[in-house]
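J.: Input input_25.cif, format and content: mmCIF, C-alpha atoms (C1' of nucleotides).
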data_entry
#
loop_
_atom_site.label_atom_id
_atom_site.label_comp_id
_atom_site.auth_asym_id
_atom_site.auth_seq_id
_atom_site.Cartn_x
_atom_site.Cartn_y
_atom_site.Cartn_z
CA MET A 11 43.08 87.35 89.18
CA GLY A 12 46.78 86.94 88.43
CA LEU A 13 49.71 87.40 90.75
CA GLN A 14 50.92 90.44 88.85
CA GLU A 15 47.56 92.11 89.23
CA GLN A 16 47.49 91.23 92.93
CA LYS A 17 50.90 92.83 93.37
CA ARG A 18 49.89 95.98 91.51
CA HIS A 19 46.69 96.27 93.54
CA PHE A 20 48.75 96.05 96.70
CA SER A 21 51.30 98.68 95.75
CA VAL A 22 48.83 101.20 94.36
CA ASN A 23 46.28 101.02 97.15
CA LEU A 24 48.81 100.85 99.96
CA LEU A 25 50.67 103.91 98.71
CA GLU A 26 47.46 105.87 98.31
CA TRP A 27 46.41 104.90 101.85
CA TYR A 28 49.76 105.95 103.30
CA MET A 29 49.72 109.41 101.75
CA ILE A 30 46.49 110.06 103.65
CA ASN A 31 47.19 108.15 106.89
CA ARG A 32 50.91 108.60 107.51
CA ARG A 33 51.78 109.59 111.07
CA ASP A 34 53.63 112.78 111.82
CA LEU A 35 56.80 111.46 113.47
CA PRO A 36 59.84 113.50 114.56
CA TRP A 37 62.22 111.80 112.10
CA ARG A 38 59.78 112.37 109.23
CA ARG A 39 59.82 116.14 109.60
CA HIS A 40 63.12 116.66 107.82
CA ASN A 41 64.86 114.74 105.08
CA ASN A 42 68.02 114.37 107.11
CA PRO A 43 69.87 111.06 106.49
CA TYR A 44 71.44 111.26 109.95
CA PHE A 45 68.00 111.57 111.54
CA THR A 46 66.77 108.62 109.50
CA TRP A 47 69.76 106.57 110.57
CA VAL A 48 69.42 107.35 114.27
CA SER A 49 65.70 106.65 114.22
CA GLU A 50 66.15 103.31 112.46
CA ILE A 51 68.73 102.14 115.00
CA MET A 52 66.48 103.18 117.89
CA LEU A 53 63.48 101.50 116.27
CA GLN A 54 65.18 98.09 116.14
CA GLN A 55 62.96 95.84 118.27
CA THR A 56 61.48 98.96 119.84
CA ARG A 57 58.07 100.60 119.45
CA VAL A 58 57.56 104.01 117.90
CA ASP A 59 55.96 105.49 121.02
CA THR A 60 58.93 104.40 123.13
CA VAL A 61 61.46 105.85 120.70
CA ILE A 62 59.97 109.33 120.19
CA PRO A 63 61.21 110.98 123.42
CA TYR A 64 64.61 109.27 123.16
CA PHE A 65 64.99 110.42 119.56
CA ASN A 66 64.18 114.04 120.36
CA ARG A 67 66.61 114.17 123.26
CA PHE A 68 69.34 112.34 121.35
CA ILE A 69 69.12 114.65 118.33
CA GLY A 70 69.01 117.63 120.67
CA ASN A 71 72.25 116.54 122.33
CA PHE A 72 73.96 115.11 119.23
CA PRO A 73 72.52 117.09 116.29
CA THR A 74 75.09 115.95 113.72
CA VAL A 75 77.22 112.94 112.87
CA GLN A 76 80.24 114.91 114.03
CA ALA A 77 78.67 115.79 117.37
CA LEU A 78 77.91 112.12 117.98
CA ALA A 79 81.36 110.99 116.88
CA GLU A 80 83.07 113.44 119.24
CA ALA A 81 80.85 112.90 122.29
CA PRO A 82 82.10 110.99 125.36
CA GLU A 83 80.86 107.42 125.19
CA GLU A 84 79.34 107.59 128.67
CA GLU A 85 77.23 110.51 127.53
CA VAL A 86 75.94 108.55 124.54
CA LEU A 87 75.15 105.61 126.80
CA LYS A 88 73.36 107.91 129.25
CA ASN A 89 71.15 109.13 126.39
CA TRP A 90 70.30 105.49 125.65
CA GLU A 91 69.55 104.65 129.28
CA GLY A 92 66.32 102.64 129.55
CA LEU A 93 66.02 102.02 125.81
CA GLY A 94 67.71 98.62 125.95
CA TYR A 95 70.04 96.74 123.58
CA TYR A 96 72.88 99.05 124.55
CA SER A 97 75.26 97.71 121.93
CA ARG A 98 73.12 99.73 119.52
CA ALA A 99 74.34 102.94 121.17
CA ARG A 100 78.00 101.94 121.13
CA ASN A 101 77.78 100.65 117.56
CA LEU A 102 76.02 103.84 116.48
CA GLN A 103 78.79 106.02 117.84
CA ALA A 104 81.47 103.76 116.37
CA ALA A 105 79.69 104.04 113.03
CA ALA A 106 79.54 107.84 113.36
CA LYS A 107 83.32 107.78 113.63
CA GLN A 108 83.40 105.57 110.54
CA VAL A 109 81.34 108.14 108.67
CA MET A 110 83.68 110.93 109.78
CA GLU A 111 86.82 109.12 108.74
CA LEU A 112 85.72 107.32 105.60
CA HIS A 113 83.03 109.65 104.23
CA GLY A 114 83.93 113.12 105.49
CA GLY A 115 80.99 113.27 107.85
CA GLU A 116 78.40 112.74 105.11
CA MET A 117 76.19 109.65 105.13
CA PRO A 118 77.29 107.31 102.34
CA GLN A 119 74.67 106.53 99.69
CA ASP A 120 75.93 103.27 98.25
CA LYS A 121 74.68 99.97 99.60
CA GLN A 122 78.15 98.58 100.32
CA SER A 123 79.16 101.52 102.51
CA VAL A 124 75.87 101.75 104.38
CA PHE A 125 75.83 98.04 105.10
CA ALA A 126 79.41 98.26 106.36
CA LEU A 127 78.42 100.64 109.16
CA LYS A 128 78.40 99.02 112.59
CA GLY A 129 74.91 98.10 113.75
CA VAL A 130 73.48 98.33 110.24
CA GLY A 131 72.14 95.02 108.97
CA PRO A 132 69.92 94.05 106.04
CA TYR A 133 66.81 95.83 107.28
CA THR A 134 68.46 99.06 108.42
CA ALA A 135 70.56 99.34 105.26
CA GLY A 136 67.42 99.08 103.15
CA ALA A 137 65.57 101.53 105.38
CA ILE A 138 68.32 104.16 105.19
CA LEU A 139 68.79 103.82 101.42
CA SER A 140 65.07 103.98 100.68
CA ILE A 141 63.89 106.52 103.28
CA ALA A 142 66.87 108.87 103.20
CA PHE A 143 67.80 108.57 99.52
CA ASN A 144 64.67 107.11 97.88
CA GLN A 145 66.63 104.17 96.46
CA PRO A 146 64.52 101.13 95.44
CA GLN A 147 65.86 98.82 98.15
CA PRO A 148 63.59 96.57 100.24
CA ALA A 149 63.44 97.15 104.03
CA VAL A 150 62.02 93.99 105.53
CA ASP A 151 61.26 94.04 109.26
CA GLY A 152 58.76 92.18 111.38
CA ASN A 153 55.89 94.34 110.18
CA VAL A 154 56.68 93.73 106.53
CA MET A 155 56.99 89.97 107.00
CA ARG A 156 53.64 89.86 108.74
CA VAL A 157 51.90 91.95 106.07
CA LEU A 158 53.39 90.07 103.13
CA SER A 159 52.87 86.63 104.67
CA ARG A 160 49.19 87.44 105.06
CA TYR A 161 48.53 89.25 101.79
CA PHE A 162 50.34 86.65 99.69
CA LEU A 163 49.58 83.72 102.02
CA ILE A 164 53.17 82.70 102.60
CA ASP A 165 53.48 79.77 105.03
CA GLU A 166 57.24 79.92 105.46
CA ASP A 167 58.52 80.32 109.02
CA ILE A 168 59.54 83.96 109.37
CA MET A 169 62.18 83.00 111.94
CA LYS A 170 64.20 81.37 109.15
CA GLY A 171 66.82 83.42 107.39
CA SER A 172 65.80 82.05 104.02
CA THR A 173 62.31 83.48 104.53
CA ARG A 174 63.65 86.97 105.04
CA VAL A 175 65.56 86.68 101.75
CA LEU A 176 62.40 85.54 100.01
CA MET A 177 60.48 88.45 101.50
CA GLU A 178 63.16 90.91 100.39
CA GLU A 179 62.87 89.74 96.79
CA LEU A 180 59.11 90.13 96.93
CA ALA A 181 59.22 93.49 98.71
CA GLY A 182 61.67 94.79 96.11
CA GLU A 183 59.32 93.88 93.26
CA LEU A 184 56.46 95.74 94.93
CA ILE A 185 58.17 99.15 95.10
CA PRO A 186 56.47 101.53 92.65
CA GLU A 187 58.79 103.41 90.29
CA GLY A 188 60.40 106.34 92.10
CA ARG A 189 58.37 105.82 95.27
CA ALA A 190 60.65 103.69 97.47
CA ARG A 191 60.72 106.26 100.28
CA ASP A 192 56.96 106.39 100.75
CA PHE A 193 56.19 102.81 99.83
CA ASN A 194 58.59 101.18 102.31
CA GLN A 195 57.28 103.33 105.11
CA ALA A 196 53.73 102.58 103.98
CA LEU A 197 54.38 98.86 104.29
CA MET A 198 55.61 99.25 107.87
CA GLU A 199 52.89 101.74 108.73
CA LEU A 200 50.24 99.25 107.63
CA GLY A 201 51.79 96.56 109.81
CA ALA A 202 51.94 98.90 112.80
CA LEU A 203 48.47 100.43 112.50
CA VAL A 204 46.22 97.98 110.62
CA CYS A 205 47.75 94.57 109.96
CA THR A 206 48.59 94.07 113.65
CA PRO A 207 49.75 90.77 115.17
CA LYS A 208 46.78 89.77 117.34
CA ALA A 209 43.65 91.48 116.02
CA PRO A 210 44.21 92.92 112.52
CA HIS A 211 41.79 95.64 111.45
CA CYS A 212 40.93 94.00 108.16
CA LEU A 213 37.76 96.03 107.64
CA THR A 214 39.74 99.25 107.36
CA CYS A 215 42.63 97.74 105.41
CA PRO A 216 43.28 99.35 102.03
CA VAL A 217 44.28 96.02 100.46
CA MET A 218 41.75 93.70 102.09
CA GLU A 219 39.95 92.89 98.82
CA GLN A 220 42.85 90.92 97.41
CA CYS A 221 44.47 89.72 100.61
CA SER A 222 44.94 85.96 100.14
CA GLY A 223 45.34 85.35 103.86
CA ARG A 224 42.13 87.16 104.66
CA ILE A 225 40.24 85.42 101.83
CA ALA A 226 41.45 82.06 103.12
CA GLY A 227 40.49 82.98 106.68
CA ARG A 228 44.14 82.68 107.69
CA GLU A 229 44.76 86.25 108.91
CA LEU A 230 45.00 85.10 112.53
CA THR A 231 47.27 82.12 111.85
CA LEU A 232 49.81 84.05 109.81
CA PRO A 233 52.67 84.63 109.90
CA VAL A 234 54.03 81.21 110.82
CA LYS A 235 56.62 81.69 113.52
CA THR A 236 58.42 79.22 115.79
CA LYS A 237 58.07 80.00 119.47
CA ALA A 238 61.02 81.44 121.34
CA LYS A 239 62.63 79.48 124.15
CA PRO A 240 61.47 80.66 127.59
CA PRO A 241 64.07 82.71 129.50
CA ARG A 242 66.08 80.95 132.20
CA PRO A 243 65.45 82.14 135.75
CA GLU A 244 68.26 83.46 137.92
CA GLN A 245 68.06 84.29 141.61
CA ARG A 246 70.42 87.12 142.44
CA LEU A 247 71.45 88.82 145.68
CA VAL A 248 71.90 92.57 145.45
CA ALA A 249 73.82 94.78 147.85
CA LEU A 250 72.68 98.29 148.66
CA VAL A 251 75.77 99.30 150.61
CA GLU A 252 75.44 102.50 152.61
CA GLY A 253 78.72 104.28 153.01
CA ARG A 254 80.01 105.44 156.38
CA GLY A 255 82.60 107.96 157.36
CA ALA A 256 84.02 109.50 154.20
CA HIS A 257 81.34 107.70 152.16
CA ARG A 258 78.41 108.84 154.28
CA GLY A 259 75.26 109.45 152.20
CA ARG A 260 76.70 107.49 149.30
CA VAL A 261 76.09 104.04 147.84
CA LEU A 262 78.45 101.51 146.27
CA VAL A 263 77.99 100.87 142.54
CA ARG A 264 80.10 99.20 139.88
CA GLN A 265 80.48 99.24 136.10
CA ARG A 266 79.85 96.08 134.09
CA PRO A 267 82.48 94.64 131.73
CA GLU A 268 82.99 95.97 128.19
CA THR A 269 81.23 93.07 126.52
CA GLY A 270 78.19 90.92 127.12
CA LEU A 271 74.98 91.64 128.97
CA LEU A 272 74.44 95.34 129.77
CA ALA A 273 77.98 96.07 128.67
CA ARG A 274 79.55 99.09 130.40
CA MET A 275 76.36 99.93 132.28
CA TRP A 276 76.52 100.74 136.00
CA GLU A 277 74.75 98.63 138.60
CA LEU A 278 74.45 97.73 142.26
CA PRO A 279 76.82 94.90 143.20
CA HIS A 280 75.11 91.52 142.99
CA VAL A 281 75.91 87.83 142.92
CA LEU A 282 74.22 84.75 141.49
CA ALA A 283 72.58 82.89 144.39
CA ALA A 284 71.53 79.67 142.74
CA PRO A 285 72.15 78.04 139.41
CA ALA A 286 69.02 78.00 137.27
CA ALA A 287 67.56 74.56 136.75
CA ALA A 288 66.45 74.56 133.12
CA GLY A 289 62.83 75.62 132.79
CA LYS A 290 62.24 75.78 136.53
CA ALA A 291 61.61 78.79 138.71
CA ALA A 292 64.57 80.02 140.69
CA ALA A 293 63.95 79.58 144.40
CA PRO A 294 64.55 82.48 146.77
CA LEU A 295 67.39 81.99 149.19
CA ALA A 296 66.77 82.34 152.94
CA ASP A 297 68.04 85.61 154.39
CA GLU A 298 70.77 84.17 156.58
CA PRO A 299 72.73 82.28 153.92
CA ALA A 300 71.93 85.05 151.44
CA MET A 301 73.49 87.71 153.64
CA ALA A 302 76.54 85.55 154.32
CA LEU A 303 76.99 84.91 150.61
CA LEU A 304 76.57 88.59 149.80
CA ALA A 305 79.07 89.70 152.46
CA GLY A 306 81.56 87.15 151.17
CA SER A 307 81.07 88.29 147.61
CA LEU A 308 81.68 91.91 148.55
CA TRP A 309 84.72 90.98 150.59
CA ALA A 310 86.09 89.07 147.60
CA GLU A 311 85.77 92.30 145.62
CA GLY A 312 87.64 94.21 148.31
CA PHE A 313 84.77 95.70 150.30
CA ALA A 314 83.85 95.16 153.94
CA ALA A 315 80.12 95.47 154.51
CA ARG A 316 77.58 94.04 156.94
CA PRO A 317 74.20 93.02 155.48
CA GLU A 318 71.47 94.41 157.77
CA GLY A 319 68.35 92.90 156.23
CA LEU A 320 66.13 92.50 153.20
CA ALA A 321 65.17 95.87 151.71
CA THR A 322 62.99 94.81 148.78
CA HIS A 323 62.50 92.39 145.91
CA ALA A 324 62.76 93.25 142.23
CA GLU A 325 62.45 91.48 138.90
CA HIS A 326 64.22 92.20 135.64
CA VAL A 327 63.16 90.39 132.47
CA PHE A 328 65.51 90.03 129.53
CA SER A 329 64.78 88.13 126.33
CA HIS A 330 66.79 85.13 127.52
CA ILE A 331 67.10 85.58 131.30
CA VAL A 332 64.80 86.50 134.18
CA TRP A 333 66.48 88.03 137.19
CA SER A 334 64.71 87.68 140.53
CA LEU A 335 66.51 90.08 142.83
CA GLN A 336 66.70 89.98 146.61
CA VAL A 337 67.98 93.38 147.64
CA TYR A 338 69.79 93.64 150.98
CA LYS A 339 70.64 96.85 152.72
CA CYS A 340 74.23 96.70 153.90
CA THR A 341 76.47 98.99 155.90
CA GLU A 342 80.07 99.74 155.12
CA GLN A 343 82.24 98.51 157.98
CA ASP A 344 84.83 100.55 159.87
CA GLN A 345 88.39 99.43 159.99
CA SER A 346 88.12 97.38 163.16
CA SER A 347 89.93 94.41 164.57
CA GLU A 348 86.92 92.14 164.40
CA LEU A 349 86.33 92.80 160.74
CA PRO A 350 88.66 90.15 159.30
CA LEU A 351 86.93 87.51 161.39
CA ILE A 352 83.47 88.47 160.15
CA ALA A 353 84.75 88.66 156.63
CA ALA A 354 86.47 85.29 156.83
CA GLU A 355 83.24 83.61 157.90
CA ALA A 356 81.39 85.28 155.09
CA ARG A 357 84.09 84.27 152.66
CA ALA A 358 83.73 80.66 153.74
CA ALA A 359 80.01 80.77 153.01
CA TYR A 360 80.69 82.37 149.66
CA ASP A 361 83.30 79.80 148.63
CA ALA A 362 81.09 76.93 149.76
CA GLN A 363 78.22 78.27 147.69
CA ALA A 364 80.40 78.73 144.61
CA ALA A 365 81.77 75.21 144.96
CA SER A 366 78.34 73.63 145.39
CA GLN A 367 77.09 75.49 142.35
CA ALA A 368 79.93 74.13 140.25
CA GLU A 369 79.25 70.60 141.47
CA ALA A 370 75.46 70.56 141.41
CA ALA A 371 74.88 72.31 138.11
CA PRO A 372 77.29 71.82 135.24
CA ALA A 373 75.13 74.27 133.26
CA ALA A 374 76.04 76.99 135.71
CA GLU A 375 79.69 76.05 135.84
CA SER A 376 80.66 79.14 133.95
CA SER A 377 79.04 81.49 136.45
CA ALA A 378 80.33 79.64 139.45
CA SER A 379 83.86 79.40 138.16
CA THR A 380 83.73 83.05 137.22
CA ALA A 381 82.71 83.91 140.76
CA ALA A 382 85.37 81.66 142.22
CA ARG A 383 87.99 83.18 139.95
CA ALA A 384 86.89 86.68 140.92
CA ALA A 385 87.26 85.75 144.56
CA GLN A 386 90.67 84.22 143.95
CA GLU A 387 91.91 87.17 141.94
CA ALA A 388 90.70 89.60 144.59
CA LEU A 389 92.71 87.70 147.18
CA THR A 390 95.84 87.66 145.07
CA GLY A 391 95.38 91.30 144.15
CA LYS A 392 94.84 90.76 140.44
CA GLY A 393 91.18 91.72 140.21
CA ASP A 394 89.05 91.33 137.11
CA GLY A 395 88.94 94.99 136.19
CA LEU A 396 85.50 95.91 137.49
CA THR A 397 85.32 99.54 138.51
CA TYR A 398 83.65 100.39 141.82
CA GLN A 399 82.54 103.81 142.97
CA TRP A 400 80.67 105.47 145.85
CA ILE A 401 77.91 107.70 144.50
CA GLY A 402 75.38 110.21 145.75
CA PRO A 403 72.10 111.25 144.08
CA GLU A 404 73.86 113.85 141.93
CA ASP A 405 75.99 111.16 140.28
CA MET A 406 72.88 109.53 138.84
CA GLU A 407 72.87 112.26 136.18
CA LYS A 408 76.12 111.05 134.66
CA LEU A 409 76.19 107.28 134.99
CA ALA A 410 73.95 105.02 132.87
CA PHE A 411 72.03 102.33 134.75
CA PRO A 412 69.73 99.56 133.52
CA ASN A 413 66.15 100.35 134.50
CA VAL A 414 65.93 97.92 137.39
CA PHE A 415 68.90 99.50 139.18
CA LEU A 416 67.75 102.98 138.22
CA LYS A 417 64.49 102.37 140.05
CA LEU A 418 66.16 100.79 143.07
CA LEU A 419 68.60 103.68 143.41
CA ARG A 420 65.95 106.36 142.98
CA ASN A 421 63.81 104.67 145.61
CA TYR A 422 66.78 104.40 147.93
CA PHE A 423 67.78 108.05 147.62
CA ALA A 424 64.13 108.97 148.16
CA GLY A 425 64.28 107.13 151.49
CA ALA A 426 62.05 104.25 150.46
CA TYR A 427 64.09 101.61 152.28
CA ASP A 428 64.81 103.55 155.48
CA GLU A 429 62.02 102.02 157.57
CA ALA A 430 62.24 98.42 156.46
CA THR A 431 65.58 97.52 157.95
CA GLU A 432 66.08 99.94 160.81
"C1'" DA B 12 70.95 77.70 112.70
"C1'" DA B 13 70.94 79.10 117.35
"C1'" DA B 14 72.07 82.14 121.04
"C1'" DT B 15 72.80 86.65 122.73
"C1'" DC B 16 71.37 91.19 123.56
"C1'" DG B 17 66.44 95.27 126.99
"C1'" DG B 18 62.45 96.91 127.98
"C1'" DG B 19 57.77 97.73 127.71
"C1'" DG B 20 53.05 97.90 125.66
"C1'" DA B 21 49.11 95.35 124.07
"C1'" DT B 22 45.98 91.61 124.65
"C1'" DA C 26 50.93 85.22 131.23
"C1'" DT C 27 52.21 85.66 126.21
"C1'" DC C 28 53.60 87.99 122.26
"C1'" DC C 29 56.50 90.89 119.81
"C1'" DC C 30 58.18 95.16 118.54
"C1'" DA C 31 60.97 99.74 111.94
"C1'" DG C 32 67.06 93.48 114.19
"C1'" DA C 33 72.23 92.93 114.51
"C1'" DT C 34 75.95 90.32 115.99
"C1'" DT C 35 78.26 86.43 117.66
"C1'" DT C 36 78.82 81.51 118.14
#
Using structure tokens, write down the structure from this file.
T.:
Amino acid sequence: MGLQEQKRHFSVNLLEWYMINRRDLPWRRHNNPYFTWVSEIMLQQTRVDTVIPYFNRFIGNFPTVQALAEAPEEEVLKNWEGLGYYSRARNLQAAAKQVMELHGGEMPQDKQSVFALKGVGPYTAGAILSIAFNQPQPAVDGNVMRVLSRYFLIDEDIMKGSTRVLMEELAGELIPEGRARDFNQALMELGALVCTPKAPHCLTCPVMEQCSGRIAGRELTLPVKTKAKPPRPEQRLVALVEGRGAHRGRVLVRQRPETGLLARMWELPHVLAAPAAAGKAAAPLADEPAMALLAGSLWAEGFAARPEGLATHAEHVFSHIVWSLQVYKCTEQDQSSELPLIAAEARAAYDAQAASQAEAAPAAESSASTAARAAQEALTGKGDGLTYQWIGPEDMEKLAFPNVFLKLLRNYFAGAYDEATE
DNA sequence: AAATCGGGGAT
DNA sequence: ATCCCAGATTT
């Protein structure tokens, strides 16, 4: 059997299978290029089942490119809350403004213009052009690389950029005349439903007969993929500061910087407790030094608070970092004469910790120096631009929080930490 | 080429 | 625990 025949067998049988087995998904119900675009951005590194409710709400709130372009950014971010990779949301809105200004609010149909949209890379450009406009462009994602590497027995490491290019050439050749829209989705559908990573359902696969990987008994060892580096552990101390007086019933939160991790998301104030030794678990810090460090950190940011005790632990796993959080319930302090003394002691503990971090772990120098600079700037009145705010339960509806802080705050407002420390 | 950027579901 | 998901962007 020749390669050309193997390719034709694949395309014909896969397409036939898809027309019978395609899932009914919200973004497949209308041929709306904007819907296709939004769905493809949401689906980056995210499962279909996770995306569905987010997609429906997002389209309900921002039904057109114009509506998205004109919405307040915080509202867009709030609609993305919990979905992760938040730069996708900001890039999507920035791109909506691009579409308004450069293309009169209509999705462009040429490859150059689509690819030029923020947040649209090789995969998403191909997906939009093929699914929305039925153009014969390949859309190679993780599913497609897995399916093709198995069917054609391709041993190249799919983590390499050159492999993706190779796969795109192959995927482009496989598209049946005039059927790009259905075929590209069929390829991904097969990867999601049948040709799965761990235990592929070869017996129900429409192209099993000519699958080179399966014939060679390699279906479980393909695709070849280099392992990702394990995430570095970080021990962090979190402050749940209860307001008093004018802030009674409210909690202190802050907004993260415009760039980097969880950009522009809101969070409980926290500080890095210990530099992460590469590959080793971060050790919890004893309560006494932890509370001193936390009080000093808050004071450096301009807030007087007394840590009362440990409220709870939490963990937050990113692709490249693991946060182990020690959450301390704190109380906002009155303006009293003894306050500066308490704060000064806490500040000393904080500075000592920052200095020891810089000395003991060059790898963590950046974090330590950042903390030290923040403390210095707070003293000199410069500040680093972080926005702080006292919020009540009702404010949770407007501000976007990463899931870990969302859960902590909901638990707090539900009274979950009342008993533990009082 | 390697690192950064979330969160969760499946195994 | 480990993998990896309809990846893009920055370094």
J.: Report, in Å to a single decimal, how far apart atom CA of A:Leu35 and atom CA of A:Pro216 are.
T.: 21.5 Å
J.: At a cut-off of 6 Å, can you tabulate as a Markdown table every residue of chain A near chain C together with its closest atom pair and the distance in Å to one decimal, using all atoms listed in the file and ordering rows by chain then number?
T.:
| residue | atom | partner | partner_atom | distance |
| --- | --- | --- | --- | --- |
| A:Leu53 | CA | C:DA31 | C1' | 5.3 |
| A:Gln54 | CA | C:DG32 | C1' | 5.3 |
| A:Gln55 | CA | C:DC30 | C1' | 4.8 |
| A:Thr56 | CA | C:DC30 | C1' | 5.2 |
| A:Arg57 | CA | C:DC30 | C1' | 5.5 |
| A:Gly129 | CA | C:DA33 | C1' | 5.9 |
| A:Gly131 | CA | C:DA33 | C1' | 5.9 |
J.: Hey, list the chain A side of the contact with chain B: 9 Å cut-off, only C-alpha atoms (C1' of nucleotides), answer as an NGL selection string.
T.: :A and (56-57 or 60 or 92-97 or 170-171 or 208-209 or 270-272 or 327-330 or 412-413)
J.: Which value, in Å to one decimal, gives the distance between atom CA of A:Asp34 and atom CA of A:Thr134?
T.: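 The value is 20.5 Å.
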J.: To one decimal place, how far is atom CA of A:Lys339 from atom CA of A:Asp428 in Å?
T.: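 Computing the Euclidean distance for atom CA of A:Lys339 and atom CA of A:Asp428 yields 9.3 Å.
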J.: Written as a compact mmCIF listing (two decimals) with C-alpha atoms, in the coordinates of the input, what is the full residue list that the PyMOL selection byres ((chain A and resi 111-127) around 8) yields on the file shown?
T.:
# COMPACT_ATOMS: atom_id res chain seq x y z
CA PRO A 43 69.87 111.06 106.49
CA TYR A 44 71.44 111.26 109.95
CA VAL A 75 77.22 112.94 112.87
CA GLN A 76 80.24 114.91 114.03
CA ALA A 105 79.69 104.04 113.03
CA ALA A 106 79.54 107.84 113.36
CA LYS A 107 83.32 107.78 113.63
CA GLN A 108 83.40 105.57 110.54
CA VAL A 109 81.34 108.14 108.67
CA MET A 110 83.68 110.93 109.78
CA LYS A 128 78.40 99.02 112.59
CA GLY A 129 74.91 98.10 113.75
CA VAL A 130 73.48 98.33 110.24
CA GLY A 131 72.14 95.02 108.97
CA PRO A 132 69.92 94.05 106.04
CA ALA A 135 70.56 99.34 105.26
CA ILE A 138 68.32 104.16 105.19
CA LEU A 139 68.79 103.82 101.42
CA PHE A 143 67.80 108.57 99.52
J.: Report as a list in words the full result of the PyMOL selection byres ((chain A and resi 191) around 10) when it is applied to this structure.
T.: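 Written out, the selection comes to Ala137, Ile138, Leu139, Ser140, Ile141, Ala142, Phe143, Asn144, Gln145, Pro146, Gln147, Ile185, Pro186, Gly188, Arg189, Ala190, Asp192, Phe193, Asn194, Gln195 and Ala196 of chain A.
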J.: How would you write, as a PyMOL selection string, the residues chosen by the PyMOL selection byres ((chain A and resi 260) around 9) on this structure?
T.: chain A and resi 251-254+257-259+261-262+400-403
J.: Could you list, as a PyMOL selection string, every residue within 12 Å of A:Trp90, counting only C-alpha atoms (C1' of nucleotides) and ignoring same-chain residues fewer than 3 positions away?
T.: (chain A and resi 48+51-52+60-61+63-69+71+83-87+93-100+102-103+272+275+409-413) or (chain B and resi 17-18)
J.: Neighbours of A:Thr214 within 10 Å (all atoms listed in the file; same-chain residues fewer than 4 positions away dropped), as a PyMOL selection string?
T.: chain A and resi 204-205+210+218
